[in-house]
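Novice: There's a structure below that I have some questions on.
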Amino acid sequence: YKKQKELINYEYLNTNNTNKNNENYNNFYKPKIYLITLNELVFHNVLLEIAKELNLILCSQVSLYNIVETKKGLDKSNETKYFNKISRKSIDFVLVDKKDCRIRLCIELDDNTHKKYNRIERDNFINKLFQDLNINLLRIPSRFHYNKEELKKLIENNILKNYYEYN
């Protein structure tokens with residue numbers, strides 16, 4: 001019975017999620033092939049090993065609004081203004097605690113794109129935001145190869161340095 005119910009719900013979602021105005025999204029979107037860049041993948045693979053050793057979960061391309069949120073009680077104008085500042089940004093990698101998903105460390109992999117003016121502005125905003133909110137942010141220069149033990153030690157030192165609490 002449970003399987004039938006799941007199947008019915010799945011079929012319901014597939015048949016009832018049609019575009020009612022017959023708009024063709026092919027005119028506006030195309031599928032992405034890769035979730036992360038090749039540079040990020042090389043780093044990700046080393047980071048994944050470290051995360052397992054440290055009993056952490058590795059998340060990639062985490063939306064900034066999943067890491068910070070606007071404070072309750074802001075007027076609508078400020079709420080919108082400050083949400084918009086974070087809504088279209090993401091952090092390359094986030095390490096979270098396996099037992100409760102508490103954010104332990106955010107990591108930005110800085111490749112050549114971070115030398116562009118708009119990226120410098122974005123990075124300055126992220127740096128200041130994380131500093132003001134006392135959130136751990138580690139910036140790692142992009143490389144062809146990463147020393148796993150050096151990176152692990154750097155991560156351990158930054159996690160212990162400032163394990164923040166939410167109010």
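Letters A, B, ... go to the chains of the structure tokens in the order shown; residues in each chain start at 1; ligands are counted from 1 in the same order.
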Applying 6 Å and only C-alpha atoms, which residues near segment 125-140 of chain A remain after dropping the ones on its own chain fewer than 2 positions away? List them as a PyMOL selection string.
Specialist: chain A and resi 105-110+122-123
Novice: Print the selection's residues with N, CA, C and O atoms to a file, as a tab-separated table (two decimals), in the first residue's frame.
Specialist:
chain	number	residue	atom	x	y	z
A	105	LEU	N	32.65	25.38	9.03
A	105	LEU	CA	33.63	26.15	8.28
A	105	LEU	C	33.13	26.36	6.85
A	105	LEU	O	32.65	25.43	6.22
A	106	CYS	N	33.27	27.58	6.39
A	106	CYS	CA	32.96	27.91	4.99
A	106	CYS	C	34.27	28.11	4.26
A	106	CYS	O	35.22	28.70	4.81
A	107	ILE	N	34.33	27.62	3.03
A	107	ILE	CA	35.58	27.69	2.27
A	107	ILE	C	35.30	28.25	0.87
A	107	ILE	O	34.39	27.77	0.18
A	108	GLU	N	36.08	29.23	0.50
A	108	GLU	CA	36.03	29.78	-0.85
A	108	GLU	C	37.32	29.39	-1.55
A	108	GLU	O	38.42	29.58	-1.01
A	109	LEU	N	37.19	28.84	-2.72
A	109	LEU	CA	38.35	28.48	-3.54
A	109	LEU	C	38.57	29.64	-4.50
A	109	LEU	O	37.75	29.90	-5.38
A	110	ASP	N	39.65	30.35	-4.31
A	110	ASP	CA	39.91	31.57	-5.09
A	110	ASP	C	40.76	31.27	-6.32
A	110	ASP	O	41.96	31.04	-6.23
A	122	ARG	N	32.52	41.49	-4.55
A	122	ARG	CA	31.76	40.41	-3.93
A	122	ARG	C	32.54	39.79	-2.78
A	122	ARG	O	32.01	39.56	-1.69
A	123	ASP	N	33.82	39.50	-3.00
A	123	ASP	CA	34.65	38.90	-1.96
A	123	ASP	C	34.79	39.82	-0.76
A	123	ASP	O	34.77	39.35	0.39
Novice: Report as an MDAnalysis selection string all protein, DNA and RNA residues lying within 8 Å of segment 49-60 of chain A, evaluated on only C-alpha atoms, omitting residues in the same chain fewer than 2 positions from it.
Specialist: chainID A and resid 45:47 62 91:98 101 148 152
Novice: Could you write out, as a PyMOL selection string, all the residues of chain A that DSSP marks as strand (DSSP E)?
Specialist: chain A and resi 56-63+90-97+103-110+137-141
Novice: Could you list, as a list in words, every residue within 9 Å of Thr80 of chain A, counting only C-alpha atoms and ignoring same-chain residues fewer than 5 positions away?
Specialist: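 With the cut-off at 9 Å, the set is Thr70, Asp75 and Lys85 of chain A.
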Novice: Save the residues we just selected, N, CA and C atoms, as a PDB file, in the first residue's frame?
Specialist:
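Wrote it out as selection_16.pdb, contents follow:
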ATOM      1  N   THR A  70      18.338  37.383   7.149  1.00  0.00           N
ATOM      2  CA  THR A  70      18.038  38.708   7.679  1.00  0.00           C
ATOM      3  C   THR A  70      17.403  38.544   9.055  1.00  0.00           C
ATOM      4  N   ASP A  75      12.078  46.291   8.932  1.00  0.00           N
ATOM      5  CA  ASP A  75      10.971  46.745   8.089  1.00  0.00           C
ATOM      6  C   ASP A  75      11.129  46.107   6.709  1.00  0.00           C
ATOM      7  N   LYS A  85      21.004  41.328  -1.114  1.00  0.00           N
ATOM      8  CA  LYS A  85      22.475  41.352  -1.092  1.00  0.00           C
ATOM      9  C   LYS A  85      23.063  39.941  -0.971  1.00  0.00           C
TER      10      LYS A  85
END
Novice: What is the distance, in Å and to one decimal place, between atom CA of Leu38 of chain A and atom CA of His114 of chain A?
Specialist: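 Atom CA of His114 of chain A lies 15.9 Å from atom CA of Leu38 of chain A.
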Novice: Restricting the calculation to only C-alpha atoms, which member of A:Glu150, A:Asp100, A:Glu23, A:Ser142 is positioned closest to Thr37 of chain A?
Specialist: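 Closest to Thr37 of chain A, using only C-alpha atoms: A:Ser142.
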Novice: Do you have the atom CA of Ile36 of chain A-atom CA of Tyr146 of chain A distance handy?
Specialist: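 Interatomic distance, atom CA of Ile36 of chain A to atom CA of Tyr146 of chain A: 17.2 Å.
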Novice: By how many Å are atom CA of Pro31 of chain A and atom CA of Ile67 of chain A apart?
Specialist: 26.0 Å
Novice: Using only C-alpha atoms, which of A:Glu121, A:Asn112, A:Asn147, A:Asn157 sits nearest Asn39 of chain A?
Specialist: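 Once distances to Asn39 of chain A are computed over only C-alpha atoms, the minimum belongs to A:Asn112.
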Novice: Would you please work out which residue, of A:Phe83, A:Tyr117, A:Phe28, A:Tyr34, is nearest to Val68 of chain A when using only C-alpha atoms?
Specialist: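 Distance minimum relative to Val68 of chain A lands on A:Phe83.
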